[in-house]
file run-v5.csv (CSV, C-alpha atoms)
chain,number,residue,atom,x,y,z
A,1,MET,CA,-11.8,14.6,-22.2
A,2,ASN,CA,-14.7,17.1,-22.0
A,3,ASP,CA,-17.1,14.3,-23.0
A,4,ILE,CA,-15.9,12.2,-20.0
A,5,ILE,CA,-16.1,15.1,-17.6
A,6,ALA,CA,-19.7,15.8,-18.7
A,7,GLN,CA,-20.7,12.3,-17.5
A,8,PHE,CA,-20.2,13.2,-13.9
A,9,ALA,CA,-22.6,15.0,-11.5
A,10,LEU,CA,-20.5,18.1,-10.9
A,11,LYS,CA,-21.9,20.9,-8.8
A,12,ASN,CA,-20.3,23.7,-10.7
A,13,GLU,CA,-18.4,24.5,-13.9
A,14,VAL,CA,-14.7,23.5,-14.0
A,15,GLY,CA,-11.7,24.5,-16.1
A,16,GLU,CA,-9.5,22.4,-18.4
A,17,PRO,CA,-8.1,19.3,-16.8
A,18,GLN,CA,-4.5,19.7,-15.5
A,19,PRO,CA,-2.4,16.5,-15.6
A,20,LEU,CA,-0.7,15.4,-12.4
A,21,LYS,CA,2.4,13.3,-12.4
A,22,ILE,CA,1.7,11.2,-9.3
A,23,GLY,CA,1.8,7.4,-9.0
A,24,PHE,CA,2.6,4.8,-11.7
A,25,ILE,CA,-0.7,3.1,-12.2
A,26,ASN,CA,-3.5,5.6,-12.9
A,27,ASP,CA,-3.6,8.8,-15.0
A,28,SER,CA,-4.7,11.7,-12.9
A,29,PHE,CA,-6.0,15.2,-13.6
A,30,VAL,CA,-7.2,18.2,-11.5
A,31,LEU,CA,-10.3,20.1,-12.5
A,32,LYS,CA,-10.2,23.6,-10.8
A,33,SER,CA,-13.6,25.3,-10.2
A,34,LYS,CA,-14.4,28.2,-12.4
A,35,VAL,CA,-16.7,29.5,-9.6
A,36,LYS,CA,-15.2,31.4,-6.7
A,37,GLY,CA,-15.6,29.2,-3.6
A,38,GLY,CA,-16.8,26.3,-5.8
A,39,ILE,CA,-15.8,22.7,-5.7
A,40,SER,CA,-12.7,21.4,-7.6
A,41,TYR,CA,-12.4,17.8,-8.6
A,42,PHE,CA,-9.8,15.0,-9.2
A,43,LEU,CA,-10.3,12.9,-12.3
A,44,GLN,CA,-8.6,9.5,-12.7
A,45,ARG,CA,-8.4,6.9,-15.5
A,46,ILE,CA,-8.3,3.5,-13.7
A,47,ASN,CA,-5.7,1.0,-14.9
A,48,HIS,CA,-8.1,-1.9,-15.5
A,49,HIS,CA,-5.2,-4.1,-16.6
A,50,ILE,CA,-4.1,-4.1,-13.0
A,51,PHE,CA,-7.5,-3.7,-11.3
A,52,GLU,CA,-9.5,-6.0,-13.5
A,53,ASN,CA,-12.7,-5.9,-11.3
A,54,VAL,CA,-13.5,-2.2,-11.6
A,55,ASP,CA,-17.0,-2.7,-10.1
A,56,GLY,CA,-15.5,-4.3,-7.0
A,57,LEU,CA,-12.7,-1.7,-6.8
A,58,GLN,CA,-15.1,1.2,-6.8
A,59,GLN,CA,-17.6,-0.5,-4.5
A,60,ASN,CA,-14.7,-1.1,-2.0
A,61,ILE,CA,-13.8,2.6,-2.0
A,62,LYS,CA,-17.4,3.7,-1.6
A,63,LEU,CA,-18.0,1.3,1.3
A,64,ILE,CA,-14.8,2.3,3.3
A,65,THR,CA,-15.1,6.0,2.7
A,66,ASP,CA,-18.7,6.0,3.8
A,67,HIS,CA,-17.7,4.0,6.9
A,68,ILE,CA,-15.0,6.4,7.8
A,69,ARG,CA,-17.3,9.4,7.1
A,70,THR,CA,-19.9,7.9,9.5
A,71,LYS,CA,-17.2,7.4,12.2
A,72,LEU,CA,-16.1,11.0,11.9
A,73,MET,CA,-19.7,12.3,12.2
A,74,LYS,CA,-20.2,10.3,15.3
A,75,ASN,CA,-17.0,11.7,16.8
A,76,GLY,CA,-18.4,15.2,16.3
A,77,CYS,CA,-16.4,16.4,13.3
A,78,GLN,CA,-18.0,19.3,11.4
A,79,PRO,CA,-19.0,18.6,7.8
A,80,SER,CA,-16.3,20.9,6.4
A,81,GLU,CA,-13.7,19.0,8.4
A,82,ILE,CA,-15.0,15.6,7.4
A,83,ASP,CA,-14.7,16.6,3.7
A,84,ARG,CA,-10.9,17.1,4.2
A,85,ARG,CA,-10.4,14.0,6.2
A,86,VAL,CA,-11.9,11.3,3.9
A,87,LEU,CA,-12.1,11.0,0.1
A,88,GLN,CA,-15.4,11.5,-1.5
A,89,LEU,CA,-16.4,9.8,-4.8
A,90,VAL,CA,-18.4,11.8,-7.3
A,91,PRO,CA,-21.1,9.7,-9.1
A,92,THR,CA,-21.9,9.9,-12.7
A,93,LYS,CA,-25.2,11.5,-13.7
A,94,ASP,CA,-26.8,8.1,-13.8
A,95,GLY,CA,-25.6,7.3,-10.3
A,96,LYS,CA,-22.7,5.0,-11.1
A,97,LEU,CA,-19.3,5.1,-9.4
A,98,TYR,CA,-17.3,5.2,-12.7
A,99,PHE,CA,-17.8,5.9,-16.4
A,100,LYS,CA,-16.7,3.4,-19.1
A,101,THR,CA,-15.9,4.9,-22.5
A,102,SER,CA,-16.7,3.3,-25.8
A,103,ASN,CA,-13.0,2.3,-26.2
A,104,GLY,CA,-13.0,0.4,-22.8
A,105,ASP,CA,-11.3,3.0,-20.6
A,106,TYR,CA,-12.7,3.5,-17.0
A,107,TRP,CA,-12.8,6.9,-15.3
A,108,ARG,CA,-13.7,8.0,-11.8
A,109,MET,CA,-14.0,11.3,-10.1
A,110,TYR,CA,-13.3,12.6,-6.5
A,111,VAL,CA,-13.9,15.9,-4.8
A,112,LEU,CA,-10.5,17.6,-4.6
A,113,ILE,CA,-9.2,18.2,-1.1
A,114,GLU,CA,-8.0,21.8,-1.4
A,115,ASN,CA,-4.7,23.2,0.1
A,116,ALA,CA,-3.4,19.7,0.8
A,117,THR,CA,0.1,18.4,0.1
A,118,SER,CA,1.9,15.0,0.0
A,119,HIS,CA,5.5,14.2,0.8
A,120,ASP,CA,7.9,11.6,-0.6
A,121,GLN,CA,10.7,11.8,2.0
A,122,VAL,CA,10.5,10.3,5.5
A,123,ASP,CA,12.2,11.6,8.6
A,124,GLU,CA,11.6,10.8,12.3
A,125,HIS,CA,8.8,13.4,12.6
A,126,SER,CA,6.9,12.4,9.4
A,127,ALA,CA,7.3,8.7,10.3
A,128,TYR,CA,5.6,9.4,13.6
A,129,LEU,CA,2.8,11.2,11.9
A,130,ALA,CA,2.5,8.4,9.3
A,131,GLY,CA,2.3,5.8,12.1
A,132,ARG,CA,-0.6,7.7,13.7
A,133,ALA,CA,-2.4,8.2,10.4
A,134,PHE,CA,-2.2,4.6,9.3
A,135,GLY,CA,-3.0,3.3,12.8
A,136,ASP,CA,-6.0,5.6,12.9
A,137,PHE,CA,-7.1,4.5,9.4
A,138,GLN,CA,-7.0,0.8,10.4
A,139,CYS,CA,-8.7,1.6,13.7
A,140,GLN,CA,-11.6,3.3,11.9
A,141,LEU,CA,-12.1,0.2,9.8
A,142,ALA,CA,-11.4,-2.4,12.5
A,143,ASP,CA,-15.1,-3.1,12.9
A,144,PHE,CA,-15.9,-3.2,9.1
A,145,PRO,CA,-16.9,-6.7,7.9
A,146,THR,CA,-14.0,-8.0,5.8
A,147,GLU,CA,-16.4,-10.2,3.7
A,148,LYS,CA,-18.0,-7.0,2.2
A,149,LEU,CA,-14.8,-6.1,0.3
A,150,CYS,CA,-13.3,-7.9,-2.7
A,151,GLU,CA,-9.6,-8.5,-3.2
A,152,THR,CA,-8.8,-5.8,-5.8
A,153,ILE,CA,-5.5,-7.7,-6.6
A,154,PRO,CA,-6.1,-11.4,-5.6
A,155,ASN,CA,-3.4,-12.9,-3.4
A,156,PHE,CA,-1.5,-9.6,-3.4
A,157,HIS,CA,0.1,-10.2,0.1
A,158,ASN,CA,-0.3,-13.9,0.2
A,159,LEU,CA,3.2,-15.3,0.8
A,160,GLU,CA,2.2,-18.9,0.1
A,161,PHE,CA,0.9,-17.8,-3.3
A,162,ARG,CA,4.1,-15.8,-4.0
A,163,LEU,CA,6.3,-18.8,-3.1
A,164,GLN,CA,4.3,-21.0,-5.5
A,165,GLN,CA,4.9,-18.4,-8.2
A,166,LEU,CA,8.7,-18.7,-7.4
A,167,ASP,CA,8.5,-22.5,-7.5
A,168,ASP,CA,6.8,-22.4,-10.9
A,169,ALA,CA,9.5,-19.9,-12.2
A,170,VAL,CA,12.3,-22.3,-11.0
A,171,LYS,CA,10.7,-25.3,-12.7
A,172,GLN,CA,10.2,-23.5,-16.0
A,173,ASP,CA,13.5,-21.5,-16.0
A,174,VAL,CA,12.4,-19.7,-19.1
A,175,ALA,CA,15.3,-17.3,-19.0
A,176,GLY,CA,17.9,-19.9,-18.1
A,177,ARG,CA,18.9,-18.0,-14.9
A,178,VAL,CA,18.2,-20.6,-12.2
A,179,LYS,CA,21.7,-21.9,-12.1
A,180,GLN,CA,23.2,-18.5,-11.1
A,181,CYS,CA,20.6,-18.1,-8.3
A,182,GLU,CA,21.1,-21.3,-6.4
A,183,SER,CA,22.5,-19.6,-3.4
A,184,ILE,CA,19.7,-17.1,-2.9
A,185,LEU,CA,17.1,-19.9,-3.6
A,186,SER,CA,18.7,-21.9,-0.8
A,187,GLU,CA,18.4,-19.0,1.6
A,188,ILE,CA,14.7,-18.5,0.7
A,189,GLU,CA,14.0,-22.2,1.2
A,190,LYS,CA,15.6,-22.1,4.7
A,191,ARG,CA,13.1,-19.4,5.8
A,192,LYS,CA,10.0,-20.7,4.1
A,193,GLU,CA,8.5,-22.4,7.1
A,194,ASP,CA,9.1,-19.6,9.6
A,195,LEU,CA,7.8,-16.8,7.3
A,196,CYS,CA,4.6,-18.6,6.4
A,197,LEU,CA,3.6,-18.4,10.1
A,198,ALA,CA,0.9,-15.8,9.5
A,199,GLN,CA,-1.1,-17.9,7.1
A,200,ARG,CA,-0.9,-20.9,9.4
A,201,LEU,CA,-2.1,-18.8,12.4
A,202,PHE,CA,-5.0,-17.5,10.3
A,203,ARG,CA,-6.1,-21.0,9.4
A,204,GLU,CA,-5.9,-21.9,13.1
A,205,GLY,CA,-8.1,-18.9,14.0
A,206,LYS,CA,-5.3,-17.2,16.0
A,207,LEU,CA,-4.6,-14.3,13.6
A,208,PRO,CA,-7.4,-12.2,12.1
A,209,LYS,CA,-7.7,-10.6,8.7
A,210,ARG,CA,-8.6,-6.9,8.8
A,211,ILE,CA,-9.0,-4.1,6.4
A,212,ASN,CA,-5.6,-3.1,5.2
A,213,HIS,CA,-4.3,-0.3,3.0
A,214,CYS,CA,-1.7,-2.5,1.3
A,215,ASP,CA,0.4,0.4,0.1
A,216,THR,CA,1.6,2.1,3.3
A,217,LYS,CA,3.9,4.9,2.0
A,218,VAL,CA,4.2,8.4,3.4
A,219,ASN,CA,3.1,9.8,0.0
A,220,ASN,CA,-0.2,8.1,0.3
A,221,MET,CA,-1.2,10.6,3.0
A,222,LEU,CA,-2.4,14.2,2.6
A,223,PHE,CA,-1.1,16.9,5.0
A,224,ASP,CA,-2.7,20.3,5.7
A,225,GLU,CA,-1.1,23.7,5.6
A,226,ASN,CA,0.5,23.1,9.0
A,227,GLY,CA,1.9,19.7,8.2
A,228,VAL,CA,-0.8,17.8,10.1
A,229,PRO,CA,-2.1,14.6,8.4
A,230,LEU,CA,-5.5,15.0,6.9
A,231,CYS,CA,-6.4,11.7,5.3
A,232,ILE,CA,-5.2,8.5,3.7
A,233,VAL,CA,-5.4,8.4,-0.1
A,234,ASP,CA,-4.8,5.9,-2.9
A,235,LEU,CA,-7.4,3.4,-1.7
A,236,ASP,CA,-7.2,1.1,-4.7
A,237,THR,CA,-5.5,-1.7,-2.8
A,238,VAL,CA,-7.6,-1.5,0.4
A,239,MET,CA,-8.7,-5.0,1.1
A,240,PRO,CA,-8.7,-7.8,3.7
A,241,GLY,CA,-5.3,-8.9,5.0
A,242,PHE,CA,-3.0,-9.0,8.0
A,243,VAL,CA,-2.2,-5.7,9.8
A,244,LEU,CA,1.4,-7.1,10.0
A,245,SER,CA,1.7,-6.5,6.3
A,246,ASP,CA,0.8,-2.8,6.4
A,247,TYR,CA,3.2,-2.2,9.3
A,248,GLY,CA,5.9,-4.2,7.7
A,249,ASP,CA,5.6,-2.7,4.2
A,250,PHE,CA,6.0,0.8,5.6
A,251,MET,CA,9.2,-0.3,7.4
A,252,ARG,CA,10.5,-2.1,4.4
A,253,THR,CA,10.8,1.1,2.4
A,254,ALA,CA,10.8,4.0,5.0
A,255,ALA,CA,13.1,2.4,7.6
A,256,ASN,CA,15.7,1.4,5.1
A,257,LYS,CA,18.7,3.8,4.8
A,258,ALA,CA,19.3,2.7,1.2
A,259,ALA,CA,17.2,2.4,-2.0
A,260,GLU,CA,15.5,-1.0,-2.6
A,261,ASP,CA,17.8,-1.5,-5.5
A,262,GLU,CA,21.0,-0.5,-3.8
A,263,ALA,CA,23.9,-2.4,-5.4
A,264,ASP,CA,26.3,-1.6,-2.5
A,265,LEU,CA,25.0,-3.9,0.2
A,266,SER,CA,27.0,-2.2,2.9
A,267,LYS,CA,24.7,0.8,2.7
A,268,ILE,CA,21.6,-1.2,3.5
A,269,GLN,CA,20.8,-0.6,7.2
A,270,VAL,CA,17.7,-0.3,9.3
A,271,ASP,CA,16.9,3.3,10.3
A,272,LEU,CA,16.1,2.8,13.9
A,273,SER,CA,14.9,6.3,14.5
A,274,VAL,CA,12.3,6.0,11.8
A,275,PHE,CA,11.4,2.5,13.0
A,276,GLU,CA,10.8,3.7,16.5
A,277,ALA,CA,9.0,6.9,15.5
A,278,TYR,CA,6.5,5.0,13.3
A,279,THR,CA,6.0,2.3,15.9
A,280,LYS,CA,5.3,4.9,18.6
A,281,GLY,CA,2.7,6.7,16.4
A,282,TYR,CA,1.1,3.6,15.1
A,283,LEU,CA,0.6,2.0,18.5
A,284,GLU,CA,-0.9,5.2,19.9
A,285,LYS,CA,-3.7,4.9,17.4
A,286,ALA,CA,-4.0,1.1,16.6
A,287,THR,CA,-5.8,0.4,19.9
A,288,PHE,CA,-7.7,-2.5,18.3
A,289,LEU,CA,-4.7,-4.9,18.0
A,290,THR,CA,-4.7,-8.2,19.8
A,291,ASP,CA,-1.7,-9.2,21.9
A,292,THR,CA,-0.6,-11.6,19.1
A,293,GLU,CA,-0.7,-8.9,16.5
A,294,LYS,CA,1.3,-6.5,18.6
A,295,ARG,CA,3.9,-9.1,19.5
A,296,MET,CA,4.3,-10.1,15.8
A,297,LEU,CA,4.8,-6.6,14.3
A,298,PRO,CA,8.6,-7.1,13.9
A,299,TYR,CA,7.8,-10.4,12.2
A,300,GLY,CA,5.6,-8.4,9.8
A,301,CYS,CA,8.7,-6.5,8.7
A,302,ARG,CA,10.6,-9.7,7.9
A,303,LEU,CA,7.5,-11.1,6.2
A,304,MET,CA,7.1,-8.2,3.8
A,305,ILE,CA,10.9,-8.0,3.0
A,306,TYR,CA,11.1,-11.7,2.4
A,307,MET,CA,8.0,-11.5,0.2
A,308,GLN,CA,9.5,-8.7,-1.9
A,309,THR,CA,12.7,-10.7,-2.2
A,310,VAL,CA,10.7,-13.6,-3.5
A,311,ARG,CA,8.8,-11.4,-6.0
A,312,PHE,CA,11.9,-9.7,-7.4
A,313,LEU,CA,13.7,-13.1,-7.8
A,314,THR,CA,10.6,-14.6,-9.4
A,315,ASP,CA,10.5,-11.8,-12.0
A,316,PHE,CA,14.3,-12.2,-12.6
A,317,LEU,CA,13.8,-15.9,-13.3
A,318,ASN,CA,10.9,-15.2,-15.6
A,319,GLY,CA,12.9,-12.8,-17.7
A,320,ASP,CA,11.8,-9.5,-16.2
A,321,THR,CA,8.2,-9.5,-17.3
A,322,TYR,CA,6.6,-7.6,-14.3
A,323,TYR,CA,8.8,-4.9,-12.9
A,324,LYS,CA,10.3,-2.3,-15.1
A,325,ILE,CA,14.1,-2.6,-15.2
A,326,GLN,CA,16.8,-0.1,-16.1
A,327,TYR,CA,19.5,-2.7,-16.9
A,328,PRO,CA,19.7,-6.5,-17.4
A,329,GLU,CA,20.6,-7.5,-13.8
A,330,HIS,CA,18.3,-5.0,-12.1
A,331,ASN,CA,15.9,-7.5,-10.6
A,332,ARG,CA,18.8,-9.6,-9.4
A,333,VAL,CA,20.2,-6.5,-7.7
A,334,ARG,CA,16.9,-5.8,-6.1
A,335,THR,CA,16.7,-9.4,-4.9
A,336,GLN,CA,20.1,-9.1,-3.2
A,337,ALA,CA,19.3,-5.7,-1.7
A,338,GLN,CA,16.0,-7.0,-0.2
A,339,PHE,CA,17.7,-10.1,1.1
A,340,ARG,CA,20.4,-8.0,2.8
A,341,LEU,CA,17.7,-5.9,4.4
A,342,LEU,CA,16.0,-9.1,5.7
A,343,GLN,CA,19.4,-10.2,7.2
A,344,GLU,CA,19.6,-6.8,8.9
A,345,HIS,CA,16.2,-7.3,10.5
A,346,GLU,CA,17.1,-10.8,11.6
A,347,ARG,CA,20.3,-9.4,13.1
A,348,LEU,CA,18.4,-6.7,15.0
A,349,ALA,CA,15.4,-8.9,15.9
A,350,ASP,CA,15.8,-8.3,19.7
A,351,VAL,CA,16.4,-4.6,19.3
A,352,LEU,CA,13.3,-4.2,17.1
A,353,GLN,CA,11.2,-6.3,19.4
A,354,ASN,CA,12.2,-4.2,22.4
A,355,ILE,CA,11.1,-1.1,20.6
A,356,VAL,CA,7.7,-2.6,19.9
A,357,ASN,CA,7.4,-3.8,23.5
A,358,LYS,CA,8.3,-0.3,24.7
A,359,TYR,CA,5.2,1.2,23.2

call {"tool": "encode", "arguments": {"input": "run-v5.csv", "output": "structure tokens"}}
result
Amino acid sequence: MNDIIAQFALKNEVGEPQPLKIGFINDSFVLKSKVKGGISYFLQRINHHIFENVDGLQQNIKLITDHIRTKLMKNGCQPSEIDRRVLQLVPTKDGKLYFKTSNGDYWRMYVLIENATSHDQVDEHSAYLAGRAFGDFQCQLADFPTEKLCETIPNFHNLEFRLQQLDDAVKQDVAGRVKQCESILSEIEKRKEDLCLAQRLFREGKLPKRINHCDTKVNNMLFDENGVPLCIVDLDTVMPGFVLSDYGDFMRTAANKAAEDEADLSKIQVDLSVFEAYTKGYLEKATFLTDTEKRMLPYGCRLMIYMQTVRFLTDFLNGDTYYKIQYPEHNRVRTQAQFRLLQEHERLADVLQNIVNKY
């Protein structure tokens, strides 16, 4: 590990790496400064099996953090404040954005944002703050040319691609499970046309692609000592997409009163207080949205819930090769839970639309 740390252009001596148990994809470590008042660092091993284009991934992060840093400077933020409001990559001693070891591992370094915390639980207040933070993040990047960024996970939020994966899984039926899923497959088929609307509008030039975070969870924000959001983190999936996806994916998890694998479907309900709080905060900051985007925000929720239903079902039909499962029927239970949440959003469509219209 010390050989890896020595590759980066650190400004002061640091202590032994302290492992952090955060996220499920990358291995993370904190390197505390040995010098009083010095800089501490955040070291990560990049999971190159998921993010195969490490060059593109790291270039994405550099471009968007530089863009946000410039915006903050123009808005009069002091350098010390800027350093807490946007991530800062640390280059290697030869100026690269990552270091590749002889055994093929990829490592990167950030400056550690001191005295910052993250939260896993969402309530009405934190949902409002999250809405403002993600709305502001998108607003800062609204003028960034999407063609400059690569897709770090190609077709990640492309519903037409996900439906094709499901069709392939049905045709191959490698686990012999299609027969028991005919009912849910029929429900998915009924909604296919409506929920591919975003892709059609994009091709018609009526819905733009913008820079999305693509993993809008409250634990991907850092808060200061007073509980005020500092910056958005976990930028690996930042890439072009529909803002509807970011809005909808937050609601899919945070505004669901049950877990995404809840077996008791009666417990699955939309948390209207969280939905309204996030919407209020988001629309206060996302001032760049077109009328079409604003109007379609509730559709964005249905889109992402439907897409996750498709993905869970696809994995179940493929014999559980992608998502980790805790028991044999786990992906089928996840599929049913997501579909029930979709039905709840359909049932409350007018209510949710009225909340969006209100703000």

call {"tool": "residues_around", "arguments": {"input": "run-v5.csv", "residues": "Asn219 of chain A", "least_positions_apart": "3", "cutoff": "9 Å", "atoms": "all atoms listed in the file", "output": "list in words"}}
result
Ser118, His119, Asp120, Gln121, Thr216, Leu222 and Val233 of chain A

call {"tool": "closest_residue", "arguments": {"input": "run-v5.csv", "among": "A:Glu16, A:Leu10, A:Glu52, A:Ser126", "to": "Pro91 of chain A", "atoms": "all atoms listed in the file"}}
result
A:Leu10

call {"tool": "residues_around", "arguments": {"input": "run-v5.csv", "residues": "Ala255 of chain A", "least_positions_apart": "3", "cutoff": "9 Å", "atoms": "only C-alpha atoms", "output": "NGL selection string"}}
result
:A and (122 or 127 or 250-252 or 258 or 269-275)

call {"tool": "closest_atom_pairs", "arguments": {"input": "run-v5.csv", "of": "segment 47-160 of chain A", "to": "segment 295-307 of chain A", "cutoff": "12 Å", "atoms": "all atoms listed in the file", "output": "Markdown table"}}
result
| residue | atom | partner | partner_atom | distance |
| --- | --- | --- | --- | --- |
| A:Phe156 | CA | A:Met307 | CA | 10.3 |
| A:His157 | CA | A:Met307 | CA | 8.0 |
| A:Asn158 | CA | A:Met307 | CA | 8.6 |
| A:Leu159 | CA | A:Met307 | CA | 6.2 |
| A:Glu160 | CA | A:Met307 | CA | 9.4 |

call {"tool": "write_last_selection", "arguments": {"input": "run-v5.csv", "atoms": "C-alpha atoms", "output": "short mmCIF file (atom, residue, chain, number, x, y, z; two decimals), in the frame of the given file"}}
result
data_model
loop_
_atom_site.label_atom_id
_atom_site.label_comp_id
_atom_site.auth_asym_id
_atom_site.auth_seq_id
_atom_site.Cartn_x
_atom_site.Cartn_y
_atom_site.Cartn_z
CA PHE A 156 -1.50 -9.60 -3.40
CA HIS A 157 0.10 -10.20 0.10
CA ASN A 158 -0.30 -13.90 0.20
CA LEU A 159 3.20 -15.30 0.80
CA GLU A 160 2.20 -18.90 0.10
#

call {"tool": "atom_distance", "arguments": {"input": "run-v5.csv", "atom1": "atom CA of Glu260 of chain A", "atom2": "atom CA of Gln336 of chain A"}}
result
9.3 Å

call {"tool": "residues_around", "arguments": {"input": "run-v5.csv", "residues": "Asp291 of chain A", "least_positions_apart": "6", "cutoff": "12 Å", "atoms": "only C-alpha atoms", "output": "tab-separated table (two decimals) with C-alpha atoms, in the coordinates of the input"}}
result
chain	number	residue	atom	x	y	z
A	206	LYS	CA	-5.30	-17.20	16.00
A	207	LEU	CA	-4.60	-14.30	13.60
A	208	PRO	CA	-7.40	-12.20	12.10
A	283	LEU	CA	0.60	2.00	18.50
A	297	LEU	CA	4.80	-6.60	14.30
A	356	VAL	CA	7.70	-2.60	19.90
A	357	ASN	CA	7.40	-3.80	23.50

call {"tool": "closest_residue", "arguments": {"input": "run-v5.csv", "among": "A:Lys257, A:Phe144, A:Leu166, A:Glu151", "to": "Lys71 of chain A", "atoms": "all atoms listed in the file"}}
result
A:Phe144

call {"tool": "atom_distance", "arguments": {"input": "run-v5.csv", "atom1": "atom CA of Gly241 of chain A", "atom2": "atom CA of Asp168 of chain A"}}
result
24.1 Å

call {"tool": "residues_around", "arguments": {"input": "run-v5.csv", "residues": "Val310 of chain A", "least_positions_apart": "2", "cutoff": "8 Å", "atoms": "all atoms listed in the file", "output": "JSON list (two decimals) with C-alpha atoms, in the frame of the given file"}}
result
[["chain", "number", "residue", "atom", "x", "y", "z"],
["A", 162, "ARG", "CA", 4.10, -15.80, -4.00],
["A", 163, "LEU", "CA", 6.30, -18.80, -3.10],
["A", 166, "LEU", "CA", 8.70, -18.70, -7.40],
["A", 188, "ILE", "CA", 14.70, -18.50, 0.70],
["A", 306, "TYR", "CA", 11.10, -11.70, 2.40],
["A", 307, "MET", "CA", 8.00, -11.50, 0.20],
["A", 308, "GLN", "CA", 9.50, -8.70, -1.90],
["A", 312, "PHE", "CA", 11.90, -9.70, -7.40],
["A", 313, "LEU", "CA", 13.70, -13.10, -7.80],
["A", 314, "THR", "CA", 10.60, -14.60, -9.40],
["A", 335, "THR", "CA", 16.70, -9.40, -4.90]]

call {"tool": "closest_residue", "arguments": {"input": "run-v5.csv", "among": "A:Ala259, A:Ile61, A:Ile50, A:Cys214", "to": "Leu149 of chain A", "atoms": "all atoms listed in the file"}}
result
A:Ile61

call {"tool": "closest_residue", "arguments": {"input": "run-v5.csv", "among": "A:Gly37, A:Cys77, A:Thr65, A:Asp3", "to": "Phe99 of chain A", "atoms": "only C-alpha atoms"}}
result
A:Asp3

call {"tool": "decode", "arguments": {"input": "run-v5.csv", "residues": "segment 204-217 of chain A", "atoms": "N, CA and C atoms", "output": "short mmCIF file (atom, residue, chain, number, x, y, z; two decimals), in the first residue's frame"}}
result
data_model
loop_
_atom_site.label_atom_id
_atom_site.label_comp_id
_atom_site.auth_asym_id
_atom_site.auth_seq_id
_atom_site.Cartn_x
_atom_site.Cartn_y
_atom_site.Cartn_z
N GLU A 204 -36.82 12.84 -31.14
CA GLU A 204 -37.58 13.89 -31.82
C GLU A 204 -37.07 15.29 -31.49
N GLY A 205 -36.04 15.38 -30.63
CA GLY A 205 -35.47 16.67 -30.26
C GLY A 205 -36.30 17.44 -29.24
N LYS A 206 -37.19 16.75 -28.53
CA LYS A 206 -38.08 17.42 -27.58
C LYS A 206 -37.67 17.24 -26.12
N LEU A 207 -36.69 16.38 -25.88
CA LEU A 207 -36.22 16.13 -24.51
C LEU A 207 -34.69 16.06 -24.55
N PRO A 208 -33.99 16.98 -23.87
CA PRO A 208 -32.53 16.98 -23.95
C PRO A 208 -31.89 15.96 -23.01
N LYS A 209 -30.67 15.58 -23.35
CA LYS A 209 -29.83 14.87 -22.40
C LYS A 209 -28.92 15.88 -21.72
N ARG A 210 -28.76 15.71 -20.42
CA ARG A 210 -27.92 16.61 -19.63
C ARG A 210 -26.96 15.76 -18.81
N ILE A 211 -26.13 16.45 -18.01
CA ILE A 211 -25.20 15.71 -17.16
C ILE A 211 -25.95 15.26 -15.91
N ASN A 212 -26.00 13.96 -15.70
CA ASN A 212 -26.71 13.35 -14.58
C ASN A 212 -25.72 12.74 -13.59
N HIS A 213 -26.15 12.63 -12.35
CA HIS A 213 -25.35 11.92 -11.35
C HIS A 213 -25.53 10.41 -11.49
N CYS A 214 -26.75 9.97 -11.74
CA CYS A 214 -27.11 8.57 -11.99
C CYS A 214 -27.00 7.68 -10.75
N ASP A 215 -26.88 8.27 -9.58
CA ASP A 215 -26.94 7.49 -8.33
C ASP A 215 -27.36 8.43 -7.20
N THR A 216 -28.55 9.00 -7.35
CA THR A 216 -29.01 10.07 -6.47
C THR A 216 -29.57 9.52 -5.16
N LYS A 217 -28.65 9.20 -4.25
CA LYS A 217 -29.03 8.76 -2.90
C LYS A 217 -28.52 9.80 -1.91
#
